[in-house]
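To start, the structure itself, in structure tokens.
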Amino acid sequence: MNDLVQRIARQAELPLPEAIPLPAQAYWDPGLYELELERIFRGDWVCIARVEQVPAAGDYLAVDLAAEPMMVVRGEDEEIRVFSRVCRHRYVDLLGGKTEDSQKERGCAEWFECPYHSWTYRLDGSLMNAPEMLDRPGFDQAAYGLRPIHQQIWQGFIFVNLDGLAEPLEMSGLERVLDKYDLANWRIATVVDWGETKVNWKIMVENYAECYHHIGIHKETLQPLWPIGTVELGDEQGDDWFFSRMKAGAETAAGEEDGHLLQPSWLPPQRDLSPYQRSQSLLMVKFPMFMIVPSPDITFWFKAIPTGPETHRLEVALLVPQEHFDLEGREDGVQEAADFFRTFQGEDASINEFVQSTTRSANASGGVLHRHEQAIWQLQKYLASRLSEAGSTTSR
């Protein structure tokens, strides 16, 4: 394991013109995956939900990350909190047992009752009732509330840090790039549940973040919309984030304004966006797995969660400006966008599975990276900083 981490660290030090892909072993090694769970998915910030997914008091959403069962809950005070779902008595999942299947992932509750011994918790996580436990000498009911998960909200996105040791969430770089976009005022219009795919999480992130493959697997879909020749790599990058500007191609442009080819859209664009902003979609990633594509009319949020060394789950939410939720034809436009997503995601999922299937080959080595694969190079730098012993302490 040390050798693999050191190889990743050495590669991360190469300049971009000399960058090479990750060692193929990094996409399947169980030991590396366990290290990633510890130092990345438990040690860094991971986005798990949107605030509008728990709109009313008592609404909850179940999420599992790095073997930690959690739930996002809106309290009676309207505050959003994230708790471990593990009962403080004998460790049962509060949403397990006889909980109806329809209520295991989301629902609305006045309180949470453990299905094993009926310990009951309020919406703020405090212990409301522990049957007969007051007879136990020294039992302090106030000390046995649900364990809170460290969380922060940014533009409506809910991030968690499982070990509670990370520095405050830093998003100022992405905010500068977003400029007039205020995603706090957008809402989820629909969600495409892609399910689990037999692909390591890094393969999925790498494929998402680079546009070089538009000329290959996406010849008929994304290449006409965002030709590789018009994609601009961001002029500002951070240690754990990357962006590029995918500009409309002449073949599919919806018109021209102030010298900018306007990107075609399914819905009216957000108000106050300039012609320049309406000419493109932003491809943004904050490592490890926060991925959004803000576009003038619809923003795609790729919510991916690793589930094993060679698997991950994916849901993609389509967000629409709140001001456009009541527009006539909104549902049709969102449906068309969702159908388009299913088409190009099917292309991506297929090729990613092919990549995963050959990572154990003795010939899976010696590759090179194109400049449009800069995000892959930056992911390597992120991995090196988080997985090395020094990086795991200095990054906190």
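Each chain in the structure tokens gets a letter, A, B and so on, in the order shown; residues start at 1 in every chain, and ligands are counted from 1 in the order they appear.
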With only C-alpha atoms as the counted atoms, please give the residues lying no more than 8 Å from Val51 in chain A, apart from itself and same-chain residues fewer than 4 positions off, as an NGL selection string. :A and (55 or 80 or 156-158)
Residue selection dump (all heavy atoms) as a PDB file, in the first residue's frame:
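New file again_1.pdb:
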ATOM      1  N   PRO A  55     -37.932  19.806   3.014  1.00  0.00           N
ATOM      2  CA  PRO A  55     -38.514  21.148   3.010  1.00  0.00           C
ATOM      3  C   PRO A  55     -39.287  21.534   4.262  1.00  0.00           C
ATOM      4  O   PRO A  55     -39.409  22.728   4.570  1.00  0.00           O
ATOM      5  CB  PRO A  55     -39.447  21.113   1.800  1.00  0.00           C
ATOM      6  CG  PRO A  55     -39.819  19.670   1.648  1.00  0.00           C
ATOM      7  CD  PRO A  55     -38.597  18.909   2.045  1.00  0.00           C
ATOM      8  N   ILE A  80     -31.596  22.632   9.717  1.00  0.00           N
ATOM      9  CA  ILE A  80     -31.243  21.353   9.098  1.00  0.00           C
ATOM     10  C   ILE A  80     -30.049  20.775   9.851  1.00  0.00           C
ATOM     11  O   ILE A  80     -29.036  21.455  10.053  1.00  0.00           O
ATOM     12  CB  ILE A  80     -30.926  21.524   7.608  1.00  0.00           C
ATOM     13  CG1 ILE A  80     -32.197  21.862   6.838  1.00  0.00           C
ATOM     14  CG2 ILE A  80     -30.278  20.253   7.044  1.00  0.00           C
ATOM     15  CD1 ILE A  80     -31.982  22.123   5.370  1.00  0.00           C
ATOM     16  N   GLY A 156     -27.235  25.948  -0.896  1.00  0.00           N
ATOM     17  CA  GLY A 156     -28.290  24.938  -0.866  1.00  0.00           C
ATOM     18  C   GLY A 156     -27.797  23.509  -0.839  1.00  0.00           C
ATOM     19  O   GLY A 156     -28.595  22.583  -0.645  1.00  0.00           O
ATOM     20  N   PHE A 157     -26.491  23.283  -1.010  1.00  0.00           N
ATOM     21  CA  PHE A 157     -25.917  21.938  -0.968  1.00  0.00           C
ATOM     22  C   PHE A 157     -25.450  21.635   0.451  1.00  0.00           C
ATOM     23  O   PHE A 157     -24.812  22.469   1.098  1.00  0.00           O
ATOM     24  CB  PHE A 157     -24.733  21.822  -1.933  1.00  0.00           C
ATOM     25  CG  PHE A 157     -25.104  21.927  -3.389  1.00  0.00           C
ATOM     26  CD1 PHE A 157     -24.957  23.127  -4.077  1.00  0.00           C
ATOM     27  CD2 PHE A 157     -25.597  20.828  -4.068  1.00  0.00           C
ATOM     28  CE1 PHE A 157     -25.300  23.234  -5.418  1.00  0.00           C
ATOM     29  CE2 PHE A 157     -25.940  20.919  -5.416  1.00  0.00           C
ATOM     30  CZ  PHE A 157     -25.798  22.123  -6.087  1.00  0.00           C
ATOM     31  N   ILE A 158     -25.754  20.433   0.930  1.00  0.00           N
ATOM     32  CA  ILE A 158     -25.402  20.022   2.287  1.00  0.00           C
ATOM     33  C   ILE A 158     -24.161  19.138   2.227  1.00  0.00           C
ATOM     34  O   ILE A 158     -24.173  18.071   1.611  1.00  0.00           O
ATOM     35  CB  ILE A 158     -26.564  19.269   2.952  1.00  0.00           C
ATOM     36  CG1 ILE A 158     -27.826  20.138   2.974  1.00  0.00           C
ATOM     37  CG2 ILE A 158     -26.187  18.845   4.372  1.00  0.00           C
ATOM     38  CD1 ILE A 158     -29.081  19.390   3.399  1.00  0.00           C
TER      39      ILE A 158
END
Taking the backbone alone, and naming residues the way the document does, which bits of range 183-303 of chain A are helix (DSSP H, G or I) by DSSP, as a ChimeraX atom specification? /A:183-185,201-209,212-215,222-225,228-230,277-279
Min atom-atom distance to Asp59 in chain A from the set A:Leu262, A:Val5, A:Val72, A:Leu94, counting only C-alpha atoms, belongs to A:Val72
Could you list, as a list in words, every residue within 10 Å of Val86 in chain A, counting only C-alpha atoms and ignoring same-chain residues fewer than 3 positions away?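 Here the qualifying residues turn out to be Glu68, Pro69, Met70, Met71, Phe83, His89, Arg90, Tyr91, Val92, Asp93, Leu94, Leu95, Gly96, Cys114, Leu146 and Arg147 of chain A.
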Residue selection dump (N, CA and C atoms) as a short mmCIF file (atom, residue, chain, number, x, y, z; two decimals), in the first residue's frame:
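Contents of again_3.cif, freshly written:
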data_model
loop_
_atom_site.label_atom_id
_atom_site.label_comp_id
_atom_site.auth_asym_id
_atom_site.auth_seq_id
_atom_site.Cartn_x
_atom_site.Cartn_y
_atom_site.Cartn_z
N GLU A 68 -21.08 4.76 7.18
CA GLU A 68 -21.79 5.54 8.20
C GLU A 68 -23.22 5.80 7.74
N PRO A 69 -24.22 5.19 8.42
CA PRO A 69 -25.61 5.49 8.10
C PRO A 69 -26.02 6.82 8.75
N MET A 70 -26.51 7.75 7.92
CA MET A 70 -26.86 9.09 8.39
C MET A 70 -28.27 9.44 7.97
N MET A 71 -28.79 10.52 8.56
CA MET A 71 -30.04 11.09 8.07
C MET A 71 -29.98 12.61 8.21
N PHE A 83 -27.55 13.62 11.42
CA PHE A 83 -27.27 12.74 12.54
C PHE A 83 -26.84 11.36 12.05
N HIS A 89 -28.25 2.97 22.09
CA HIS A 89 -28.39 1.85 23.02
C HIS A 89 -27.60 0.63 22.56
N ARG A 90 -28.04 0.00 21.47
CA ARG A 90 -27.39 -1.22 21.00
C ARG A 90 -27.11 -1.16 19.50
N TYR A 91 -26.95 0.07 18.96
CA TYR A 91 -26.38 0.28 17.62
C TYR A 91 -27.28 -0.10 16.45
N VAL A 92 -28.58 -0.17 16.65
CA VAL A 92 -29.47 -0.50 15.55
C VAL A 92 -29.71 0.73 14.68
N ASP A 93 -29.84 0.52 13.37
CA ASP A 93 -30.21 1.59 12.43
C ASP A 93 -31.65 2.02 12.73
N LEU A 94 -31.85 3.28 13.02
CA LEU A 94 -33.18 3.76 13.39
C LEU A 94 -34.19 3.58 12.27
N LEU A 95 -33.71 3.52 11.03
CA LEU A 95 -34.62 3.34 9.91
C LEU A 95 -34.59 1.91 9.39
N GLY A 96 -34.10 0.99 10.21
CA GLY A 96 -34.08 -0.41 9.82
C GLY A 96 -35.25 -1.16 10.42
N CYS A 114 -36.38 3.73 17.80
CA CYS A 114 -35.58 2.56 17.46
C CYS A 114 -36.48 1.33 17.39
N LEU A 146 -28.71 11.41 19.72
CA LEU A 146 -28.06 10.94 18.49
C LEU A 146 -26.77 11.73 18.25
N ARG A 147 -25.78 11.06 17.75
CA ARG A 147 -24.51 11.74 17.49
C ARG A 147 -24.65 12.61 16.25
#
For Val191 in chain A, work out the shell of residues within 8 Å, counting only C-alpha atoms and skipping chain neighbours fewer than 6 positions away, then give it as a PDB file with all heavy atoms, in the first residue's frame.
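Wrote it out as part_30.pdb, contents follow:
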ATOM      1  N   GLU A 315     -26.736   9.341  -8.569  1.00  0.00           N
ATOM      2  CA  GLU A 315     -27.995  10.029  -8.846  1.00  0.00           C
ATOM      3  C   GLU A 315     -27.641  11.371  -9.476  1.00  0.00           C
ATOM      4  O   GLU A 315     -26.660  12.008  -9.070  1.00  0.00           O
ATOM      5  CB  GLU A 315     -28.795  10.288  -7.565  1.00  0.00           C
ATOM      6  CG  GLU A 315     -29.308   9.055  -6.875  1.00  0.00           C
ATOM      7  CD  GLU A 315     -30.064   9.410  -5.601  1.00  0.00           C
ATOM      8  OE1 GLU A 315     -30.156  10.621  -5.282  1.00  0.00           O
ATOM      9  OE2 GLU A 315     -30.549   8.499  -4.922  1.00  0.00           O
ATOM     10  N   VAL A 316     -28.417  11.796 -10.437  1.00  0.00           N
ATOM     11  CA  VAL A 316     -28.187  13.107 -11.038  1.00  0.00           C
ATOM     12  C   VAL A 316     -29.458  13.929 -10.900  1.00  0.00           C
ATOM     13  O   VAL A 316     -30.527  13.527 -11.367  1.00  0.00           O
ATOM     14  CB  VAL A 316     -27.761  12.988 -12.513  1.00  0.00           C
ATOM     15  CG1 VAL A 316     -27.653  14.365 -13.153  1.00  0.00           C
ATOM     16  CG2 VAL A 316     -26.415  12.270 -12.605  1.00  0.00           C
ATOM     17  N   ALA A 317     -29.316  15.062 -10.227  1.00  0.00           N
ATOM     18  CA  ALA A 317     -30.443  15.967 -10.020  1.00  0.00           C
ATOM     19  C   ALA A 317     -30.368  17.109 -11.018  1.00  0.00           C
ATOM     20  O   ALA A 317     -29.289  17.643 -11.286  1.00  0.00           O
ATOM     21  CB  ALA A 317     -30.438  16.515  -8.596  1.00  0.00           C
ATOM     22  N   LEU A 318     -31.514  17.467 -11.578  1.00  0.00           N
ATOM     23  CA  LEU A 318     -31.620  18.611 -12.481  1.00  0.00           C
ATOM     24  C   LEU A 318     -32.248  19.761 -11.707  1.00  0.00           C
ATOM     25  O   LEU A 318     -33.373  19.653 -11.233  1.00  0.00           O
ATOM     26  CB  LEU A 318     -32.466  18.274 -13.710  1.00  0.00           C
ATOM     27  CG  LEU A 318     -31.774  17.481 -14.835  1.00  0.00           C
ATOM     28  CD1 LEU A 318     -31.333  16.098 -14.367  1.00  0.00           C
ATOM     29  CD2 LEU A 318     -32.676  17.360 -16.051  1.00  0.00           C
TER      30      LEU A 318
END
What gap, in Å, lies between CA of Arg88 in chain A and CA of Ala62 in chain A?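 Atom-to-atom, CA of Arg88 in chain A to CA of Ala62 in chain A, that is 17.5 Å.
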Taking only C-alpha atoms into account, name the residue in A:Arg313, A:Arg7, A:His372, A:Arg50 that is nearest to Gly229 in chain A. A:His372
Check the smallest atom-to-atom distance from each of A:Leu37, A:Ile292, A:Ile351, A:Ala49 to Ile203 in chain A using only C-alpha atoms, then report the winner.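 Comparing A:Leu37, A:Ile292, A:Ile351, A:Ala49 against Ile203 in chain A, the winner is A:Ile351.
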